[in-house]
>>> print(open('coords37.txt').read())   # compact mmCIF, C-alpha atoms
# COMPACT_ATOMS: atom_id res chain seq x y z
CA MET A 560 164.78 41.26 44.86
CA PRO A 561 161.32 42.53 43.79
CA ALA A 562 158.54 40.05 43.15
CA LEU A 563 157.82 39.30 39.51
CA ASN A 564 154.63 40.75 38.13
CA ARG A 565 152.15 38.43 36.42
CA TYR A 566 153.46 39.28 32.92
CA HIS A 567 157.02 38.28 33.80
CA ARG A 568 155.88 35.16 35.70
CA ASP A 569 153.79 34.04 32.70
CA ALA A 570 156.75 34.65 30.38
CA ALA A 571 158.96 32.54 32.65
CA VAL A 572 156.38 29.73 32.67
CA ASP A 573 156.22 29.90 28.87
CA GLN A 574 160.02 29.58 28.69
CA VAL A 575 159.95 26.41 30.79
CA ALA A 576 157.10 25.01 28.70
CA LYS A 577 159.18 25.49 25.53
CA MET A 578 162.05 23.38 26.85
CA PRO A 579 162.38 19.98 25.18
CA ASN A 580 160.37 17.39 27.12
CA ALA A 581 159.46 20.01 29.74
CA SER A 582 156.82 17.67 31.12
CA ASN A 583 159.55 15.28 32.31
CA PRO A 584 161.00 16.12 35.76
CA LEU A 585 164.27 14.41 34.86
CA THR A 586 164.67 16.73 31.88
CA ILE A 587 163.68 19.72 34.00
CA ALA A 588 166.33 18.78 36.57
CA LYS A 589 168.96 18.92 33.81
CA HIS A 590 167.91 22.43 32.77
CA CYS A 591 167.81 23.98 36.23
CA ASP A 592 169.16 23.29 39.68
CA ARG A 593 166.18 22.17 41.72
CA GLY A 594 168.29 22.31 44.91
CA ARG A 595 166.57 20.90 47.98
CA VAL A 596 163.15 19.50 47.16
CA ALA A 597 160.09 19.19 49.38
CA ILE A 598 157.19 17.13 48.04
CA PHE A 599 153.56 17.68 49.04
CA ILE A 600 151.12 14.99 47.87
CA ASP A 601 147.35 15.34 48.10
CA GLY A 602 146.61 11.63 48.60
CA SER A 603 142.93 11.80 47.70
CA ASN A 604 143.66 13.79 44.56
CA LEU A 605 146.38 11.32 43.55
CA PHE A 606 144.02 8.37 44.18
CA TYR A 607 141.48 9.80 41.72
CA MET A 608 144.22 10.58 39.19
CA ALA A 609 145.33 6.93 39.34
CA MET A 610 141.72 5.80 38.86
CA GLN A 611 141.40 8.03 35.78
CA LEU A 612 144.65 6.61 34.39
CA GLY A 613 143.61 3.04 35.22
CA ILE A 614 146.77 2.31 37.21
CA GLU A 615 147.91 1.46 40.69
CA ILE A 616 150.67 3.79 41.91
CA ASP A 617 154.01 2.34 42.98
CA TYR A 618 154.81 4.80 45.77
CA ALA A 619 158.50 3.87 45.93
CA LYS A 620 158.85 4.66 42.21
CA LEU A 621 156.80 7.84 42.60
CA LEU A 622 159.05 9.17 45.37
CA CYS A 623 162.23 8.35 43.43
CA HIS A 624 160.88 9.98 40.28
CA LEU A 625 159.64 13.17 41.94
CA CYS A 626 162.97 13.88 43.65
CA ALA A 627 165.24 12.54 40.88
CA GLY A 628 168.53 14.40 40.70
CA SER A 629 167.77 16.50 43.78
CA ARG A 630 168.25 16.44 47.53
CA LEU A 631 164.99 15.48 49.20
CA LEU A 632 164.16 17.47 52.31
CA ARG A 633 160.89 15.69 53.03
CA CYS A 634 157.93 14.11 51.27
CA PHE A 635 154.52 14.75 52.81
CA PHE A 636 151.48 12.60 52.03
CA TYR A 637 148.11 14.05 53.10
CA THR A 638 145.05 11.86 53.33
CA GLY A 639 141.71 11.37 55.02
CA VAL A 640 141.50 8.22 57.12
CA ASP A 641 138.93 5.77 58.33
CA PRO A 642 140.37 4.42 61.63
CA ASN A 643 138.42 1.17 61.10
CA ASN A 644 139.92 0.48 57.67
CA GLU A 645 142.74 -1.98 58.42
CA LYS A 646 143.95 -2.09 54.81
CA GLN A 647 144.34 1.68 54.76
CA GLN A 648 146.11 1.67 58.14
CA SER A 649 148.60 -0.94 56.85
CA PHE A 650 149.21 1.16 53.73
CA LEU A 651 149.93 4.25 55.85
CA VAL A 652 152.37 2.30 58.04
CA TRP A 653 154.18 1.21 54.87
CA MET A 654 154.27 4.84 53.65
CA ARG A 655 155.76 6.05 56.96
CA ARG A 656 158.46 3.37 56.80
CA ASN A 657 159.36 4.17 53.20
CA GLY A 658 160.17 7.87 53.16
CA TYR A 659 156.80 9.56 53.51
CA ARG A 660 155.72 11.90 56.30
CA VAL A 661 152.02 11.00 56.55
CA VAL A 662 149.56 13.70 57.63
CA THR A 663 146.03 12.45 58.31
CA LYS A 664 142.60 13.73 59.22
CA ASP A 665 139.54 11.62 60.04
CA LEU A 666 137.00 11.36 57.24
CA ILE A 667 133.71 13.16 57.84
CA GLN A 668 130.56 11.40 56.66
CA PHE A 669 127.90 13.57 55.03
CA ALA A 670 124.12 13.08 54.92
CA ASP A 671 124.31 11.62 51.39
CA GLY A 672 126.69 8.90 52.64
CA SER A 673 129.82 10.37 51.04
CA LYS A 674 132.99 10.82 53.09
CA LYS A 675 135.62 13.52 52.84
CA ALA A 676 138.54 15.06 54.69
CA ASN A 677 139.90 18.37 53.42
CA LEU A 678 143.64 18.79 54.05
CA ASN A 679 144.29 21.90 51.93
CA VAL A 680 145.03 24.02 55.00
CA GLU A 681 147.57 21.47 56.25
CA ILE A 682 149.28 21.36 52.85
CA VAL A 683 149.64 25.15 52.62
CA ILE A 684 150.76 25.55 56.25
CA ASP A 685 153.50 22.94 55.77
CA MET A 686 154.60 24.54 52.49
CA MET A 687 154.81 27.97 54.17
CA ALA A 688 156.40 26.75 57.42
CA LEU A 689 159.30 25.15 55.57
CA VAL A 690 160.02 28.02 53.15
CA GLY A 691 163.75 28.67 53.35
CA CYS A 692 164.48 25.01 54.12
CA TYR A 693 163.86 23.94 50.52
CA ASP A 694 164.36 25.44 47.06
CA THR A 695 161.71 23.61 45.04
CA ALA A 696 158.23 22.53 46.11
CA VAL A 697 156.68 19.66 44.18
CA LEU A 698 152.91 19.72 44.65
CA VAL A 699 151.01 16.63 43.53
CA SER A 700 147.48 17.99 43.30
CA GLY A 701 145.21 19.77 40.87
CA ASP A 702 143.03 21.43 43.53
CA GLY A 703 142.23 25.05 42.74
CA ASN A 704 141.86 25.80 46.45
CA LEU A 705 145.67 25.63 46.68
CA VAL A 706 146.27 28.48 44.20
CA TYR A 707 146.66 31.26 46.76
CA GLY A 708 149.03 29.22 48.91
CA VAL A 709 151.16 28.19 45.93
CA ASN A 710 151.33 31.81 44.80
CA ALA A 711 152.43 32.92 48.30
CA VAL A 712 155.17 30.28 48.45
CA SER A 713 156.35 31.27 44.98
CA TYR A 714 156.57 34.97 45.90
CA LEU A 715 158.78 34.03 48.85
CA GLY A 716 161.35 32.78 46.36
CA THR A 717 160.54 29.08 46.17
CA ARG A 718 160.20 27.35 42.82
CA VAL A 719 156.93 25.40 42.53
CA GLU A 720 156.29 22.40 40.29
CA VAL A 721 152.71 21.12 40.03
CA VAL A 722 152.22 17.47 39.06
CA SER A 723 148.68 16.46 38.23
CA LEU A 724 146.37 15.01 35.59
CA ARG A 725 145.47 17.81 33.16
CA SER A 726 141.75 16.99 33.15
CA MET A 727 141.71 17.28 36.96
CA THR A 728 143.88 20.40 37.31
CA ASN A 729 142.59 23.91 37.92
CA VAL A 730 143.95 26.24 35.22
CA HIS A 731 144.81 28.90 37.82
CA LEU A 732 147.01 26.39 39.65
CA ILE A 733 148.90 25.74 36.42
CA ASN A 734 149.29 29.49 35.87
CA VAL A 735 150.86 30.19 39.29
CA ALA A 736 153.26 27.23 39.13
CA ASP A 737 156.76 27.62 37.71
CA THR A 738 156.39 24.24 36.00
CA TYR A 739 153.39 22.04 35.27
CA ILE A 740 153.88 18.31 34.69
CA ASP A 741 150.99 16.21 33.41
CA ILE A 742 151.12 12.98 35.41
CA GLN A 743 149.87 11.17 32.28
CA THR A 744 153.43 11.54 30.92
CA LEU A 745 154.78 9.72 34.00
CA LYS A 746 152.24 6.89 33.93
CA ASP A 747 154.63 4.14 32.81
CA LYS A 748 157.32 5.25 35.27
CA ILE A 749 155.17 5.31 38.42
CA GLN A 750 152.71 2.44 38.02
CA LYS A 751 153.03 -0.92 39.68
CA THR A 752 154.14 -3.65 37.33
CA SER A 753 152.79 -7.16 37.59
CA LEU A 754 155.22 -10.01 38.19
CA ILE A 755 153.27 -12.36 35.91
>>> encode(input="coords37.txt", output="structure tokens")
Amino acid sequence: MPALNRYHRDAAVDQVAKMPNASNPLTIAKHCDRGRVAIFIDGSNLFYMAMQLGIEIDYAKLLCHLCAGSRLLRCFFYTGVDPNNEKQQSFLVWMRRNGYRVVTKDLIQFADGSKKANLNVEIVIDMMALVGCYDTAVLVSGDGNLVYGVNAVSYLGTRVEVVSLRSMTNVHLINVADTYIDIQTLKDKIQKTSLI
């Protein structure tokens, strides 16, 4: 089957956007068979989305919501780590025990004191390596550096859904995705609720 040219891909994206409540993955699942789903979460990106939304993510709810109505192949969570941060280490142990495949890289400290670990290569390699094992990739990130990888995965026949905060999402990433979901619309479904 020949690859779709940009005009046809954009038309397909427009069709999905016109569906009722297209920003809701549960609604999307009703309109198309998502098949086997693989989830790829940029942990740092998600952390900053949650800060912008003023919420704390409930990762059990997030996982359930992202794979709702589908068969989950695997859920990857990519993050930079500080080996001396005990709270972070405990969080990652919890993630591993609750359905997440955690991929880490040590944080690098820069001259200005900031710390960063870039895991874009790891995300794209995992997405590409598993093509054929899943039907739909759910990418939780707004990073424009992932555009080329997402496009490559899409051209290999995999459906790609991007979940991110609109204000933090590269427009080219939205354009190459089959579906874009603004995480703002999921806020109430994925945040921790207080027991008070």
>>> closest_residue(input="coords37.txt", among="A:Leu625, A:Ile667, A:Ser673, A:Ala711", to="Ala688 (chain A)", atoms="all atoms listed in the file")
A:Ala711
>>> residues_around(input="coords37.txt", residues="region 636-652 of chain A", least_positions_apart="3", cutoff="7 Å", atoms="all atoms listed in the file", output="list of chain:residue names")
A:Phe599, A:Ile600, A:Asp601, A:Gly602, A:Ser603, A:Arg655, A:Arg656, A:Tyr659, A:Arg660, A:Val661, A:Val662, A:Thr663, A:Lys664, A:Asp665, A:Leu666, A:Lys675, A:Ala676, A:Leu678
>>> residues_around(input="coords37.txt", residues="Arg725 (chain A)", least_positions_apart="3", cutoff="10 Å", atoms="only C-alpha atoms", output="list in words")
Met608, Gly701, Val722, Thr728, Asn729, Val730, Ile733, Tyr739, Ile740, Asp741, Ile742 and Gln743 of chain A
>>> closest_residue(input="coords37.txt", among="A:Arg595, A:Met686, A:Met610, A:Gly708", to="Phe635 (chain A)", atoms="only C-alpha atoms")
A:Met686
>>> closest_residue(input="coords37.txt", among="A:Ala736, A:Val709, A:Asn657, A:Tyr618", to="Asp685 (chain A)", atoms="all atoms listed in the file")
A:Val709
>>> atom_distance(input="coords37.txt", atom1="CA of Asp671 (chain A)", atom2="CA of Phe606 (chain A)")
21.2 Å
>>> atom_distance(input="coords37.txt", atom1="CA of Trp653 (chain A)", atom2="CA of Asp747 (chain A)")
22.3 Å
>>> atom_distance(input="coords37.txt", atom1="CA of Arg718 (chain A)", atom2="CA of Thr695 (chain A)")
4.6 Å
>>> closest_residue(input="coords37.txt", among="A:Val697, A:Gly691, A:Gln611, A:Gly703", to="Gly716 (chain A)", atoms="all atoms listed in the file")
A:Gly691
>>> closest_residue(input="coords37.txt", among="A:His731, A:Lys748, A:Lys674, A:Arg593", to="Cys623 (chain A)", atoms="only C-alpha atoms")
A:Lys748
>>> closest_residue(input="coords37.txt", among="A:Glu615, A:Asp694, A:Glu720, A:Glu681", to="Gly594 (chain A)", atoms="all atoms listed in the file")
A:Asp694
>>> residues_around(input="coords37.txt", residues="Leu605 (chain A)", least_positions_apart="5", cutoff="8 Å", atoms="all atoms listed in the file", output="VMD selection string")
chain A and resid 600 699 to 700 723
>>> write_last_selection(input="coords37.txt", atoms="C-alpha atoms", output="tab-separated table (two decimals), keeping the file's coordinate frame")
chain	number	residue	atom	x	y	z
A	600	ILE	CA	151.12	14.99	47.87
A	699	VAL	CA	151.01	16.63	43.53
A	700	SER	CA	147.48	17.99	43.30
A	723	SER	CA	148.68	16.46	38.23
>>> axis_aligned_box(input="coords37.txt", around="region 601-610 of chain A", padding_each_side="8 Å", output="AutoDock Vina command-line options")
--center_x 144.4 --center_y 10.6 --center_z 43.7 --size_x 21.9 --size_y 25.5 --size_z 25.7
>>> build_atoms(input="coords37.txt", residues="region 609-638 of chain A", atoms="N, CA and C atoms", output="PDB file, in the frame of the given file")
ATOM      1  N   ALA A 609     144.976   8.316  39.666  1.00  0.00           N
ATOM      2  CA  ALA A 609     145.330   6.930  39.340  1.00  0.00           C
ATOM      3  C   ALA A 609     144.119   6.184  38.785  1.00  0.00           C
ATOM      4  N   MET A 610     142.944   6.433  39.374  1.00  0.00           N
ATOM      5  CA  MET A 610     141.720   5.800  38.860  1.00  0.00           C
ATOM      6  C   MET A 610     141.459   6.229  37.419  1.00  0.00           C
ATOM      7  N   GLN A 611     141.607   7.521  37.140  1.00  0.00           N
ATOM      8  CA  GLN A 611     141.400   8.030  35.780  1.00  0.00           C
ATOM      9  C   GLN A 611     142.383   7.405  34.791  1.00  0.00           C
ATOM     10  N   LEU A 612     143.620   7.195  35.254  1.00  0.00           N
ATOM     11  CA  LEU A 612     144.650   6.610  34.390  1.00  0.00           C
ATOM     12  C   LEU A 612     144.548   5.092  34.306  1.00  0.00           C
ATOM     13  N   GLY A 613     143.759   4.490  35.205  1.00  0.00           N
ATOM     14  CA  GLY A 613     143.610   3.040  35.220  1.00  0.00           C
ATOM     15  C   GLY A 613     144.852   2.315  35.713  1.00  0.00           C
ATOM     16  N   ILE A 614     145.548   2.926  36.680  1.00  0.00           N
ATOM     17  CA  ILE A 614     146.770   2.310  37.210  1.00  0.00           C
ATOM     18  C   ILE A 614     146.746   2.264  38.729  1.00  0.00           C
ATOM     19  N   GLU A 615     147.648   1.448  39.264  1.00  0.00           N
ATOM     20  CA  GLU A 615     147.910   1.460  40.690  1.00  0.00           C
ATOM     21  C   GLU A 615     149.302   2.063  40.858  1.00  0.00           C
ATOM     22  N   ILE A 616     149.401   3.064  41.723  1.00  0.00           N
ATOM     23  CA  ILE A 616     150.670   3.790  41.910  1.00  0.00           C
ATOM     24  C   ILE A 616     151.661   2.931  42.693  1.00  0.00           C
ATOM     25  N   ASP A 617     152.898   2.916  42.225  1.00  0.00           N
ATOM     26  CA  ASP A 617     154.010   2.340  42.980  1.00  0.00           C
ATOM     27  C   ASP A 617     154.646   3.517  43.711  1.00  0.00           C
ATOM     28  N   TYR A 618     154.402   3.613  45.008  1.00  0.00           N
ATOM     29  CA  TYR A 618     154.810   4.800  45.770  1.00  0.00           C
ATOM     30  C   TYR A 618     156.320   4.913  45.947  1.00  0.00           C
ATOM     31  N   ALA A 619     157.037   3.811  45.885  1.00  0.00           N
ATOM     32  CA  ALA A 619     158.500   3.870  45.930  1.00  0.00           C
ATOM     33  C   ALA A 619     159.017   4.510  44.639  1.00  0.00           C
ATOM     34  N   LYS A 620     158.464   4.083  43.497  1.00  0.00           N
ATOM     35  CA  LYS A 620     158.850   4.660  42.210  1.00  0.00           C
ATOM     36  C   LYS A 620     158.467   6.137  42.138  1.00  0.00           C
ATOM     37  N   LEU A 621     157.277   6.456  42.634  1.00  0.00           N
ATOM     38  CA  LEU A 621     156.800   7.840  42.600  1.00  0.00           C
ATOM     39  C   LEU A 621     157.764   8.752  43.355  1.00  0.00           C
ATOM     40  N   LEU A 622     158.141   8.355  44.556  1.00  0.00           N
ATOM     41  CA  LEU A 622     159.050   9.170  45.370  1.00  0.00           C
ATOM     42  C   LEU A 622     160.392   9.351  44.667  1.00  0.00           C
ATOM     43  N   CYS A 623     160.941   8.271  44.142  1.00  0.00           N
ATOM     44  CA  CYS A 623     162.230   8.350  43.430  1.00  0.00           C
ATOM     45  C   CYS A 623     162.132   9.278  42.225  1.00  0.00           C
ATOM     46  N   HIS A 624     161.034   9.178  41.496  1.00  0.00           N
ATOM     47  CA  HIS A 624     160.880   9.980  40.280  1.00  0.00           C
ATOM     48  C   HIS A 624     160.700  11.460  40.599  1.00  0.00           C
ATOM     49  N   LEU A 625     159.915  11.769  41.627  1.00  0.00           N
ATOM     50  CA  LEU A 625     159.640  13.170  41.940  1.00  0.00           C
ATOM     51  C   LEU A 625     160.861  13.916  42.470  1.00  0.00           C
ATOM     52  N   CYS A 626     161.779  13.199  43.103  1.00  0.00           N
ATOM     53  CA  CYS A 626     162.970  13.880  43.650  1.00  0.00           C
ATOM     54  C   CYS A 626     164.229  13.557  42.853  1.00  0.00           C
ATOM     55  N   ALA A 627     164.085  12.952  41.691  1.00  0.00           N
ATOM     56  CA  ALA A 627     165.240  12.540  40.880  1.00  0.00           C
ATOM     57  C   ALA A 627     166.214  13.692  40.659  1.00  0.00           C
ATOM     58  N   GLY A 628     167.485  13.418  40.932  1.00  0.00           N
ATOM     59  CA  GLY A 628     168.530  14.400  40.700  1.00  0.00           C
ATOM     60  C   GLY A 628     168.586  15.533  41.701  1.00  0.00           C
ATOM     61  N   SER A 629     167.836  15.427  42.788  1.00  0.00           N
ATOM     62  CA  SER A 629     167.770  16.500  43.780  1.00  0.00           C
ATOM     63  C   SER A 629     167.943  15.940  45.183  1.00  0.00           C
ATOM     64  N   ARG A 630     168.176  16.835  46.125  1.00  0.00           N
ATOM     65  CA  ARG A 630     168.250  16.440  47.530  1.00  0.00           C
ATOM     66  C   ARG A 630     166.860  16.572  48.139  1.00  0.00           C
ATOM     67  N   LEU A 631     166.324  15.470  48.619  1.00  0.00           N
ATOM     68  CA  LEU A 631     164.990  15.480  49.200  1.00  0.00           C
ATOM     69  C   LEU A 631     165.050  15.958  50.643  1.00  0.00           C
ATOM     70  N   LEU A 632     164.302  17.011  50.935  1.00  0.00           N
ATOM     71  CA  LEU A 632     164.160  17.470  52.310  1.00  0.00           C
ATOM     72  C   LEU A 632     163.140  16.589  53.023  1.00  0.00           C
ATOM     73  N   ARG A 633     161.951  16.482  52.431  1.00  0.00           N
ATOM     74  CA  ARG A 633     160.890  15.690  53.030  1.00  0.00           C
ATOM     75  C   ARG A 633     159.787  15.495  52.002  1.00  0.00           C
ATOM     76  N   CYS A 634     159.078  14.379  52.133  1.00  0.00           N
ATOM     77  CA  CYS A 634     157.930  14.110  51.270  1.00  0.00           C
ATOM     78  C   CYS A 634     156.711  13.911  52.159  1.00  0.00           C
ATOM     79  N   PHE A 635     155.749  14.818  52.033  1.00  0.00           N
ATOM     80  CA  PHE A 635     154.520  14.750  52.810  1.00  0.00           C
ATOM     81  C   PHE A 635     153.421  14.082  51.987  1.00  0.00           C
ATOM     82  N   PHE A 636     152.628  13.254  52.660  1.00  0.00           N
ATOM     83  CA  PHE A 636     151.480  12.600  52.030  1.00  0.00           C
ATOM     84  C   PHE A 636     150.267  12.892  52.900  1.00  0.00           C
ATOM     85  N   TYR A 637     149.290  13.606  52.348  1.00  0.00           N
ATOM     86  CA  TYR A 637     148.110  14.050  53.100  1.00  0.00           C
ATOM     87  C   TYR A 637     146.909  13.219  52.683  1.00  0.00           C
ATOM     88  N   THR A 638     146.207  12.678  53.677  1.00  0.00           N
ATOM     89  CA  THR A 638     145.050  11.860  53.330  1.00  0.00           C
ATOM     90  C   THR A 638     144.025  11.798  54.458  1.00  0.00           C
TER      91      THR A 638
END
